[in-house]
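What follows is the content of work_14.cif (mmCIF, C-alpha atoms (C1' of nucleotides)).
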```cif
data_data
loop_
_atom_site.group_PDB
_atom_site.id
_atom_site.type_symbol
_atom_site.label_atom_id
_atom_site.label_comp_id
_atom_site.auth_asym_id
_atom_site.auth_seq_id
_atom_site.Cartn_x
_atom_site.Cartn_y
_atom_site.Cartn_z
ATOM 1 C CA MET A 116 6.103 -111.590 13.732
ATOM 2 C CA ARG A 117 7.934 -108.783 12.034
ATOM 3 C CA PRO A 118 7.584 -105.320 13.496
ATOM 4 C CA ARG A 119 4.849 -103.380 11.794
ATOM 5 C CA GLY A 120 4.202 -99.685 11.535
ATOM 6 C CA GLY A 121 0.408 -99.842 11.451
ATOM 7 C CA ARG A 122 -1.675 -99.877 14.617
ATOM 8 C CA GLY A 123 -4.890 -101.740 15.179
ATOM 9 C CA ALA A 124 -8.127 -100.223 13.986
ATOM 10 C CA ARG A 125 -10.012 -98.377 16.643
ATOM 11 C CA CYS A 126 -13.670 -97.833 17.317
ATOM 12 C CA ARG A 127 -13.152 -94.083 17.069
ATOM 13 C CA ARG A 128 -10.435 -92.467 14.995
ATOM 14 C CA MET A 129 -9.646 -89.091 13.499
ATOM 15 C CA VAL A 130 -10.085 -89.416 9.763
ATOM 16 C CA ARG A 131 -8.741 -85.914 9.189
ATOM 17 C CA PRO A 132 -8.135 -82.952 11.490
ATOM 18 C CA GLY A 133 -11.332 -82.222 13.372
ATOM 19 C CA HIS A 134 -13.208 -85.068 11.723
ATOM 20 C CA TRP A 135 -14.093 -88.278 13.518
ATOM 21 C CA GLY A 136 -15.095 -91.656 12.185
ATOM 22 C CA VAL A 137 -17.022 -93.913 14.528
ATOM 23 C CA HIS A 138 -18.103 -97.521 14.357
ATOM 24 C CA ALA A 139 -20.813 -98.599 16.801
ATOM 25 C CA ARG A 140 -20.433 -102.353 16.780
ATOM 26 C CA VAL A 141 -22.077 -104.973 18.914
ATOM 27 C CA GLU A 142 -19.570 -107.057 20.816
ATOM 28 C CA ARG A 143 -19.044 -110.562 19.391
ATOM 29 C CA PHE A 144 -21.761 -109.994 16.828
ATOM 30 C CA SER A 145 -20.161 -112.591 14.581
ATOM 31 C CA GLU A 146 -21.275 -115.319 16.985
ATOM 32 C CA PRO A 147 -25.060 -114.847 16.688
ATOM 33 C CA ALA A 148 -24.569 -114.227 12.968
ATOM 34 C CA LEU A 149 -22.856 -117.598 12.593
ATOM 35 C CA LEU A 150 -25.530 -119.334 14.638
ATOM 36 C CA LEU A 151 -28.290 -117.828 12.513
ATOM 37 C CA LEU A 152 -26.600 -118.809 9.247
ATOM 38 C CA LEU A 153 -26.121 -122.336 10.568
ATOM 39 C CA ARG A 154 -29.766 -122.544 11.605
ATOM 40 C CA GLU A 155 -30.713 -121.812 8.029
ATOM 41 C CA ARG A 156 -28.296 -124.373 6.601
ATOM 42 C CA ALA A 157 -25.366 -126.503 7.745
ATOM 43 C CA THR A 158 -22.260 -125.390 5.897
ATOM 44 C CA HIS A 159 -18.507 -124.850 6.155
ATOM 45 C CA GLY A 160 -16.329 -121.982 7.382
ATOM 46 C CA TYR A 161 -15.361 -120.401 4.100
ATOM 47 C CA GLU A 162 -18.968 -120.146 2.975
ATOM 48 C CA LEU A 163 -19.944 -118.630 6.327
ATOM 49 C CA LEU A 164 -17.157 -116.119 5.832
ATOM 50 C CA GLU A 165 -18.700 -115.024 2.549
ATOM 51 C CA ALA A 166 -22.255 -114.988 3.883
ATOM 52 C CA LEU A 167 -21.505 -113.032 7.065
ATOM 53 C CA PRO A 168 -21.329 -109.528 5.520
ATOM 54 C CA SER A 169 -24.975 -109.836 4.506
ATOM 55 C CA LEU A 170 -25.790 -109.997 8.225
ATOM 56 C CA THR A 171 -23.117 -107.800 9.751
ATOM 57 C CA GLY A 172 -23.335 -105.068 7.142
ATOM 58 C CA GLU A 173 -19.587 -104.732 6.972
ATOM 59 C CA ALA A 174 -16.917 -106.769 5.269
ATOM 60 C CA ARG A 175 -14.923 -106.821 8.476
ATOM 61 C CA VAL A 176 -15.062 -110.493 9.388
ATOM 62 C CA ASP A 177 -11.630 -111.813 10.253
ATOM 63 C CA MET A 178 -11.203 -115.331 8.950
ATOM 64 C CA GLY A 179 -8.650 -116.238 11.584
ATOM 65 C CA ASN A 180 -11.030 -115.364 14.378
ATOM 66 C CA LEU A 181 -13.969 -116.898 12.517
ATOM 67 C CA TYR A 182 -12.395 -120.343 12.624
ATOM 68 C CA ARG A 183 -11.549 -119.828 16.295
ATOM 69 C CA VAL A 184 -15.137 -118.882 17.093
ATOM 70 C CA LEU A 185 -16.367 -121.995 15.294
ATOM 71 C CA ARG A 186 -14.010 -124.171 17.309
ATOM 72 C CA ALA A 187 -15.078 -122.526 20.574
ATOM 73 C CA LEU A 188 -18.724 -123.129 19.663
ATOM 74 C CA GLU A 189 -17.939 -126.761 19.035
ATOM 75 C CA GLU A 190 -16.082 -127.106 22.355
ATOM 76 C CA ASP A 191 -19.187 -125.796 24.096
ATOM 77 C CA GLY A 192 -21.443 -128.224 22.277
ATOM 78 C CA LEU A 193 -23.257 -125.504 20.343
ATOM 79 C CA VAL A 194 -22.295 -126.838 16.924
ATOM 80 C CA THR A 195 -20.920 -130.131 15.632
ATOM 81 C CA SER A 196 -18.592 -130.585 12.681
ATOM 82 C CA ARG A 197 -17.550 -133.274 10.256
ATOM 83 C CA TRP A 198 -15.063 -133.372 7.406
ATOM 84 C CA GLU A 199 -16.893 -133.381 4.131
ATOM 85 C CA ALA A 200 -15.673 -136.163 1.861
ATOM 86 C CA GLY A 201 -16.279 -136.702 -1.805
ATOM 87 C CA ALA A 202 -16.177 -133.163 -3.092
ATOM 88 C CA PRO A 203 -13.211 -132.068 -5.195
ATOM 89 C CA GLY A 204 -10.929 -129.298 -3.976
ATOM 90 C CA PRO A 205 -9.641 -128.689 -0.458
ATOM 91 C CA ALA A 206 -11.299 -130.566 2.385
ATOM 92 C CA LYS A 207 -14.204 -128.791 4.023
ATOM 93 C CA ARG A 208 -15.337 -129.003 7.599
ATOM 94 C CA THR A 209 -19.100 -128.735 7.688
ATOM 95 C CA TYR A 210 -20.720 -127.292 10.790
ATOM 96 C CA GLU A 211 -24.187 -128.048 12.056
ATOM 97 C CA LEU A 212 -26.201 -126.327 14.804
ATOM 98 C CA THR A 213 -27.124 -128.393 17.862
ATOM 99 C CA ALA A 214 -30.269 -128.028 19.980
ATOM 100 C CA GLU A 215 -28.238 -126.171 22.583
ATOM 101 C CA GLY A 216 -26.822 -123.924 19.876
ATOM 102 C CA LYS A 217 -30.367 -123.099 18.853
ATOM 103 C CA ARG A 218 -31.182 -122.105 22.415
ATOM 104 C CA LEU A 219 -28.097 -119.885 22.497
ATOM 105 C CA LEU A 220 -29.257 -118.220 19.280
ATOM 106 C CA ASP A 221 -32.604 -117.501 20.983
ATOM 107 C CA GLU A 222 -30.738 -115.912 23.895
ATOM 108 C CA TRP A 223 -28.753 -113.778 21.483
ATOM 109 C CA ALA A 224 -31.954 -112.624 19.792
ATOM 110 C CA SER A 225 -33.399 -111.514 23.147
ATOM 111 C CA ALA A 226 -30.156 -109.782 24.060
ATOM 112 C CA LEU A 227 -30.118 -107.970 20.730
ATOM 113 C CA ARG A 228 -33.690 -106.775 21.248
ATOM 114 C CA ARG A 229 -32.648 -105.321 24.599
ATOM 115 C CA SER A 230 -29.630 -103.743 22.951
ATOM 116 C CA ARG A 231 -31.854 -102.167 20.317
ATOM 117 C CA GLU A 232 -34.027 -100.682 23.047
ATOM 118 C CA ARG A 233 -31.011 -99.133 24.727
ATOM 119 C CA ILE A 234 -29.958 -97.595 21.420
ATOM 120 C CA ASP A 235 -33.492 -96.241 20.951
ATOM 121 C CA THR A 236 -33.423 -94.745 24.449
ATOM 122 C CA PHE A 237 -30.157 -93.064 23.606
ATOM 123 C CA LEU A 238 -31.336 -91.730 20.244
ATOM 124 C CA ASP A 239 -34.625 -90.451 21.663
ATOM 125 C CA ARG A 240 -32.739 -88.514 24.285
ATOM 126 C CA TYR A 241 -30.216 -87.341 21.698
ATOM 127 C CA GLU A 242 -33.001 -86.005 19.515
ATOM 128 C CA GLY A 243 -34.455 -84.249 22.532
ATOM 129 C CA ARG A 244 -37.604 -86.337 22.955
ATOM 130 C CA MET B 1067 -1.857 -107.552 42.258
ATOM 131 C CA ARG B 1068 -2.707 -110.538 44.360
ATOM 132 C CA PRO B 1069 -3.723 -113.691 42.545
ATOM 133 C CA ARG B 1070 -7.461 -113.892 42.206
ATOM 134 C CA GLY B 1071 -9.735 -116.814 41.590
ATOM 135 C CA GLY B 1072 -12.344 -114.940 39.570
ATOM 136 C CA ARG B 1073 -12.055 -114.547 35.823
ATOM 137 C CA GLY B 1074 -13.146 -111.617 33.747
ATOM 138 C CA ALA B 1075 -16.815 -111.394 32.856
ATOM 139 C CA ARG B 1076 -17.572 -112.565 29.376
ATOM 140 C CA CYS B 1077 -20.072 -111.537 26.768
ATOM 141 C CA ARG B 1078 -21.438 -115.086 26.782
ATOM 142 C CA ARG B 1079 -21.277 -117.398 29.785
ATOM 143 C CA MET B 1080 -22.967 -120.566 30.994
ATOM 144 C CA VAL B 1081 -25.184 -119.607 33.907
ATOM 145 C CA ARG B 1082 -25.995 -123.226 34.622
ATOM 146 C CA PRO B 1083 -25.544 -126.451 32.672
ATOM 147 C CA GLY B 1084 -27.159 -126.006 29.291
ATOM 148 C CA HIS B 1085 -28.205 -122.433 30.011
ATOM 149 C CA TRP B 1086 -26.510 -119.428 28.469
ATOM 150 C CA GLY B 1087 -26.541 -115.786 29.470
ATOM 151 C CA VAL B 1088 -25.721 -113.247 26.786
ATOM 152 C CA HIS B 1089 -25.054 -109.530 26.810
ATOM 153 C CA ALA B 1090 -25.224 -107.757 23.461
ATOM 154 C CA ARG B 1091 -23.396 -104.556 24.145
ATOM 155 C CA VAL B 1092 -22.248 -101.799 21.837
ATOM 156 C CA GLU B 1093 -18.503 -101.288 21.935
ATOM 157 C CA ARG B 1094 -17.407 -98.183 23.870
ATOM 158 C CA PHE B 1095 -21.013 -97.182 24.440
ATOM 159 C CA SER B 1096 -19.998 -95.236 27.534
ATOM 160 C CA GLU B 1097 -18.336 -92.655 25.305
ATOM 161 C CA PRO B 1098 -21.437 -91.429 23.445
ATOM 162 C CA ALA B 1099 -23.365 -91.693 26.706
ATOM 163 C CA LEU B 1100 -20.895 -89.358 28.407
ATOM 164 C CA LEU B 1101 -20.974 -86.936 25.492
ATOM 165 C CA LEU B 1102 -24.772 -86.824 25.550
ATOM 166 C CA LEU B 1103 -24.911 -86.235 29.297
ATOM 167 C CA LEU B 1104 -22.340 -83.462 28.947
ATOM 168 C CA ARG B 1105 -24.308 -81.871 26.119
ATOM 169 C CA GLU B 1106 -27.251 -81.609 28.506
ATOM 170 C CA ARG B 1107 -25.193 -80.178 31.341
ATOM 171 C CA ALA B 1108 -21.535 -79.667 32.294
ATOM 172 C CA THR B 1109 -20.765 -81.755 35.351
ATOM 173 C CA HIS B 1110 -18.134 -83.881 37.057
ATOM 174 C CA GLY B 1111 -17.120 -87.542 36.823
ATOM 175 C CA TYR B 1112 -18.847 -88.950 39.851
ATOM 176 C CA GLU B 1113 -22.179 -87.489 38.843
ATOM 177 C CA LEU B 1114 -21.755 -88.849 35.321
ATOM 178 C CA LEU B 1115 -21.058 -92.220 36.901
ATOM 179 C CA GLU B 1116 -24.423 -92.106 38.635
ATOM 180 C CA ALA B 1117 -26.298 -90.783 35.611
ATOM 181 C CA LEU B 1118 -24.863 -93.292 33.121
ATOM 182 C CA PRO B 1119 -27.077 -96.284 34.008
ATOM 183 C CA SER B 1120 -30.137 -94.308 32.910
ATOM 184 C CA LEU B 1121 -28.644 -94.329 29.409
ATOM 185 C CA THR B 1122 -26.806 -97.628 29.299
ATOM 186 C CA GLY B 1123 -29.559 -99.603 30.998
ATOM 187 C CA GLU B 1124 -27.103 -101.510 33.110
ATOM 188 C CA ALA B 1125 -25.281 -100.598 36.284
ATOM 189 C CA ARG B 1126 -22.041 -101.809 34.795
ATOM 190 C CA VAL B 1127 -20.081 -98.619 34.377
ATOM 191 C CA ASP B 1128 -16.545 -99.014 35.650
ATOM 192 C CA MET B 1129 -15.444 -95.874 37.414
ATOM 193 C CA GLY B 1130 -11.759 -96.514 36.730
ATOM 194 C CA ASN B 1131 -12.331 -96.642 33.006
ATOM 195 C CA LEU B 1132 -14.814 -93.767 33.164
ATOM 196 C CA TYR B 1133 -12.121 -91.380 34.370
ATOM 197 C CA ARG B 1134 -9.741 -92.701 31.726
ATOM 198 C CA VAL B 1135 -12.320 -92.092 28.989
ATOM 199 C CA LEU B 1136 -12.843 -88.546 30.247
ATOM 200 C CA ARG B 1137 -9.108 -87.896 30.153
ATOM 201 C CA ALA B 1138 -8.836 -89.349 26.642
ATOM 202 C CA LEU B 1139 -11.707 -87.116 25.511
ATOM 203 C CA GLU B 1140 -9.923 -84.106 26.954
ATOM 204 C CA GLU B 1141 -6.632 -85.031 25.273
ATOM 205 C CA ASP B 1142 -8.477 -85.100 21.953
ATOM 206 C CA GLY B 1143 -10.092 -81.717 22.582
ATOM 207 C CA LEU B 1144 -13.621 -83.110 22.837
ATOM 208 C CA VAL B 1145 -14.196 -81.894 26.376
ATOM 209 C CA THR B 1146 -12.502 -79.370 28.634
ATOM 210 C CA SER B 1147 -12.205 -79.562 32.391
ATOM 211 C CA ARG B 1148 -11.605 -77.309 35.358
ATOM 212 C CA TRP B 1149 -11.260 -77.975 39.077
ATOM 213 C CA GLU B 1150 -14.348 -76.788 40.855
ATOM 214 C CA ALA B 1151 -13.504 -74.563 43.841
ATOM 215 C CA GLY B 1152 -15.692 -73.360 46.650
ATOM 216 C CA ALA B 1153 -17.787 -76.440 47.278
ATOM 217 C CA PRO B 1154 -17.191 -78.446 50.441
ATOM 218 C CA GLY B 1155 -16.022 -82.059 50.218
ATOM 219 C CA PRO B 1156 -13.471 -83.544 47.840
ATOM 220 C CA ALA B 1157 -12.406 -81.474 44.858
ATOM 221 C CA LYS B 1158 -14.450 -81.998 41.704
ATOM 222 C CA ARG B 1159 -13.273 -81.761 38.151
ATOM 223 C CA THR B 1160 -16.061 -80.370 36.027
ATOM 224 C CA TYR B 1161 -16.187 -81.367 32.369
ATOM 225 C CA GLU B 1162 -17.697 -79.374 29.542
ATOM 226 C CA LEU B 1163 -18.399 -80.417 25.961
ATOM 227 C CA THR B 1164 -16.531 -78.578 23.189
ATOM 228 C CA ALA B 1165 -17.809 -77.838 19.692
ATOM 229 C CA GLU B 1166 -15.721 -80.707 18.387
ATOM 230 C CA GLY B 1167 -17.113 -82.980 21.087
ATOM 231 C CA LYS B 1168 -20.589 -82.077 19.874
ATOM 232 C CA ARG B 1169 -19.642 -83.092 16.357
ATOM 233 C CA LEU B 1170 -18.311 -86.402 17.666
ATOM 234 C CA LEU B 1171 -21.610 -86.973 19.456
ATOM 235 C CA ASP B 1172 -23.401 -86.428 16.143
ATOM 236 C CA GLU B 1173 -21.129 -89.019 14.526
ATOM 237 C CA TRP B 1174 -21.921 -91.463 17.320
ATOM 238 C CA ALA B 1175 -25.631 -90.904 16.821
ATOM 239 C CA SER B 1176 -25.326 -91.733 13.119
ATOM 240 C CA ALA B 1177 -23.218 -94.783 13.886
ATOM 241 C CA LEU B 1178 -25.788 -95.968 16.432
ATOM 242 C CA ARG B 1179 -28.577 -95.595 13.888
ATOM 243 C CA ARG B 1180 -26.621 -97.785 11.495
ATOM 244 C CA SER B 1181 -26.009 -100.260 14.299
ATOM 245 C CA ARG B 1182 -29.717 -100.327 15.014
ATOM 246 C CA GLU B 1183 -30.447 -101.125 11.399
ATOM 247 C CA ARG B 1184 -27.999 -104.035 11.456
ATOM 248 C CA ILE B 1185 -29.726 -105.416 14.548
ATOM 249 C CA ASP B 1186 -33.088 -105.063 12.794
ATOM 250 C CA THR B 1187 -31.766 -106.917 9.764
ATOM 251 C CA PHE B 1188 -30.575 -109.698 12.017
ATOM 252 C CA LEU B 1189 -33.824 -109.942 13.978
ATOM 253 C CA ASP B 1190 -35.969 -109.866 10.837
ATOM 254 C CA ARG B 1191 -34.013 -112.750 9.438
ATOM 255 C CA TYR B 1192 -34.091 -114.529 12.791
ATOM 256 C CA GLU B 1193 -37.854 -114.249 12.892
ATOM 257 C CA GLY B 1194 -38.007 -115.596 9.370
ATOM 258 C CA ARG B 1195 -39.212 -112.488 7.573
ATOM 259 C "C1'" DG C 44 5.162 -123.586 -13.689
ATOM 260 C "C1'" DT C 45 2.953 -120.046 -11.751
ATOM 261 C "C1'" DA C 46 -0.810 -117.397 -10.557
ATOM 262 C "C1'" DC C 47 -5.146 -117.513 -8.462
ATOM 263 C "C1'" DA C 48 -9.408 -119.063 -5.966
ATOM 264 C "C1'" DC C 49 -10.776 -122.162 -2.400
ATOM 265 C "C1'" DA C 50 -10.237 -123.828 2.329
ATOM 266 C "C1'" DT C 51 -8.479 -124.259 7.068
ATOM 267 C "C1'" DG C 52 -5.785 -122.900 10.216
ATOM 268 C "C1'" DT C 53 -1.740 -120.501 13.876
ATOM 269 C "C1'" DG C 54 0.889 -116.466 15.846
ATOM 270 C "C1'" DT C 55 0.796 -112.337 17.946
ATOM 271 C "C1'" DG C 56 0.034 -107.377 18.728
ATOM 272 C "C1'" DT C 57 -3.672 -103.825 19.881
ATOM 273 C "C1'" DT C 58 -7.862 -102.285 21.861
ATOM 274 C "C1'" DT C 59 -11.442 -102.596 25.136
ATOM 275 C "C1'" DT C 60 -13.322 -104.077 29.409
ATOM 276 C "C1'" DA C 61 -13.249 -105.893 34.292
ATOM 277 C "C1'" DC C 62 -11.592 -106.129 38.719
ATOM 278 C "C1'" DA C 63 -8.683 -104.477 42.502
ATOM 279 C "C1'" DT C 64 -6.514 -100.973 44.892
ATOM 280 C "C1'" DA C 65 -4.785 -96.091 46.397
ATOM 281 C "C1'" DT C 66 -5.687 -91.517 48.111
ATOM 282 C "C1'" DA C 67 -8.165 -87.881 50.243
ATOM 283 C "C1'" DG C 68 -12.070 -84.580 52.275
ATOM 284 C "C1'" DG C 69 -15.893 -84.301 55.215
ATOM 285 C "C1'" DA C 70 -20.111 -86.088 58.039
ATOM 286 C "C1'" DG C 71 -21.830 -88.773 61.861
ATOM 287 C "C1'" DG C 72 -21.562 -91.940 65.474
ATOM 288 C "C1'" DT C 73 -19.176 -93.793 69.981
ATOM 289 C "C1'" DA D 742 -9.741 -89.666 69.215
ATOM 290 C "C1'" DC D 743 -11.103 -93.430 66.266
ATOM 291 C "C1'" DC D 744 -14.026 -95.711 63.065
ATOM 292 C "C1'" DT D 745 -17.167 -96.053 59.267
ATOM 293 C "C1'" DC D 746 -19.409 -94.377 55.386
ATOM 294 C "C1'" DC D 747 -20.231 -91.421 51.328
ATOM 295 C "C1'" DT D 748 -18.155 -88.447 48.010
ATOM 296 C "C1'" DA D 749 -14.547 -87.836 44.513
ATOM 297 C "C1'" DT D 750 -10.528 -88.843 41.497
ATOM 298 C "C1'" DA D 751 -7.262 -91.823 40.012
ATOM 299 C "C1'" DT D 752 -3.744 -95.931 38.915
ATOM 300 C "C1'" DG D 753 -2.368 -100.956 38.175
ATOM 301 C "C1'" DT D 754 -3.172 -104.935 35.856
ATOM 302 C "C1'" DA D 755 -5.454 -109.164 33.956
ATOM 303 C "C1'" DA D 756 -8.745 -110.926 30.836
ATOM 304 C "C1'" DA D 757 -11.564 -110.690 26.798
ATOM 305 C "C1'" DA D 758 -12.300 -109.208 22.143
ATOM 306 C "C1'" DC D 759 -10.393 -107.848 17.889
ATOM 307 C "C1'" DA D 760 -7.016 -106.918 13.896
ATOM 308 C "C1'" DC D 761 -3.376 -108.097 11.144
ATOM 309 C "C1'" DA D 762 0.158 -111.222 9.318
ATOM 310 C "C1'" DC D 763 1.518 -115.623 7.995
ATOM 311 C "C1'" DA D 764 1.539 -120.971 7.049
ATOM 312 C "C1'" DT D 765 -0.278 -124.848 4.489
ATOM 313 C "C1'" DG D 766 -2.578 -127.514 1.060
ATOM 314 C "C1'" DT D 767 -5.938 -128.637 -3.213
ATOM 315 C "C1'" DG D 768 -7.391 -127.772 -7.587
ATOM 316 C "C1'" DT D 769 -8.094 -124.806 -12.058
ATOM 317 C "C1'" DA D 770 -6.746 -121.623 -15.731
ATOM 318 C "C1'" DC D 771 -3.198 -119.634 -18.326
#
```

Please rewrite the model in this file as structure tokens.
Amino acid sequence: MRPRGGRGARCRRMVRPGHWGVHARVERFSEPALLLLLRERATHGYELLEALPSLTGEARVDMGNLYRVLRALEEDGLVTSRWEAGAPGPAKRTYELTAEGKRLLDEWASALRRSRERIDTFLDRYEGR
Amino acid sequence: MRPRGGRGARCRRMVRPGHWGVHARVERFSEPALLLLLRERATHGYELLEALPSLTGEARVDMGNLYRVLRALEEDGLVTSRWEAGAPGPAKRTYELTAEGKRLLDEWASALRRSRERIDTFLDRYEGR
DNA sequence: GTACACATGTGTGTTTTACATATAGGAGGT
DNA sequence: ACCTCCTATATGTAAAACACACATGTGTAC
């Protein structure tokens, strides 16, 4: 890699003197998002990449990491994949959710409900209630 | 450091074969939590450490990182600190929120509301609505 | 032929979190 | 005196999560 001047994006950064920009993101949120999209329909990485912002709200899905997440999910038996033949254009690897992957999605949903409650607790206290 | 057998805790881990445990945590959530506690009352690190679980919901606040976050906040002018004299026992460094720190807390609150909405979007779609 | 959209990847630096350890004051027991 | 425990602040470092850059190949439009 060539040396670069830019530094990695941070969760909190000064956008201009005395002004802060904050992103409150859920850790590894791309994983449950992928699982949910795959529960709706088996599809390939590039399409998931385009569909993710509708779930995550931001366009910040890194394709490099996306493909790594998909491979990790497959290693853990949470999705299966096969090369899609027949279609014109570049080869596509289609991913499908397994039963265990479905159970993991359920766990994520519970975890996200708990996370939402913690945020509510925080906001209630912030608003002085 | 001595070699250790344990590996770092992960966001997702297999608790037993075919069973997954998930934690959906907001990145850097300890920062807004500290700011909120300091808005309520100026106090020192160790007390913040004990008060944090009431906001974060989990007992997983690392004291090492807590003190580093406090120092980072001070470097950025978001809190000020002074050594507390007079009291018996080990010296305490008392932290106080600045006006700019208050503004950052407001930014965090907005960011957390947006985060909450993203979680809602996900859960609505998960539940098929 | 070259520019662009599609499609799947690897390499690597940065940020954030987790775990271990160091240092020190005071209280209470033996 | 010595030991243990609670309070209090801090550093060292490894792992996990994330961001950014680059490599490779197919097909379509100009």

Atom pair atom CA of B:Arg1179 / atom CA of A:Ile234: separation (Å) |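 Separation of atom CA of B:Arg1179 and atom CA of A:Ile234: 7.9 Å.
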
Chain A contacts to chain C at 9 Å (only C-alpha atoms (C1' of nucleotides)) as a PyMOL selection string = chain A and resi 116+122-126+160-161+179+182-183+204-208

Which residue of B:Thr1160, B:Arg1191, B:Arg1078, B:Leu1115 approaches A:Glu146 most closely, using all atoms listed in the file =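 Counting all atoms listed in the file, the residue closest to A:Glu146 is B:Arg1078.
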
Near chain B, which residues of chain A fall within 8 Å when you count all atoms listed in the file, and what do they look like as an MDAnalysis selection string?
-> chainID A and resid 126 133:144 148 151 170:172 215 219 222:224 226:231 233:234 236:238 241

How many Å separate atom CA of B:Glu1116 from atom C1' of D:DC759?
->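 Spanning atom CA of B:Glu1116 to atom C1' of D:DC759 is a straight-line distance of 29.6 Å.
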
Just need the residues of chain D within 8 Å of chain B, counting all atoms listed in the file, so spit them out as a short mmCIF file (atom, residue, chain, number, x, y, z; two decimals) with C-alpha atoms (C1' of nucleotides), keeping the file's coordinate frame.
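This went into result-v4.cif:
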```cif
data_model
loop_
_atom_site.label_atom_id
_atom_site.label_comp_id
_atom_site.auth_asym_id
_atom_site.auth_seq_id
_atom_site.Cartn_x
_atom_site.Cartn_y
_atom_site.Cartn_z
"C1'" DT D 748 -18.16 -88.45 48.01
"C1'" DA D 749 -14.55 -87.84 44.51
"C1'" DT D 750 -10.53 -88.84 41.50
"C1'" DA D 751 -7.26 -91.82 40.01
"C1'" DG D 753 -2.37 -100.96 38.17
"C1'" DT D 754 -3.17 -104.94 35.86
"C1'" DA D 756 -8.74 -110.93 30.84
"C1'" DA D 757 -11.56 -110.69 26.80
#
```

Please measure the separation of atom CA of B:Ala1138 and atom CA of B:Glu1150, giving the value in Å to one decimal.
-> 19.8 Å

Top pick for closest residue to A:Ala214, considering A:Ala200, A:Leu185, A:Val194, A:Ser145 and counting only C-alpha atoms =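 When distances to A:Ala214 are compared using only C-alpha atoms, the smallest one comes from A:Val194.
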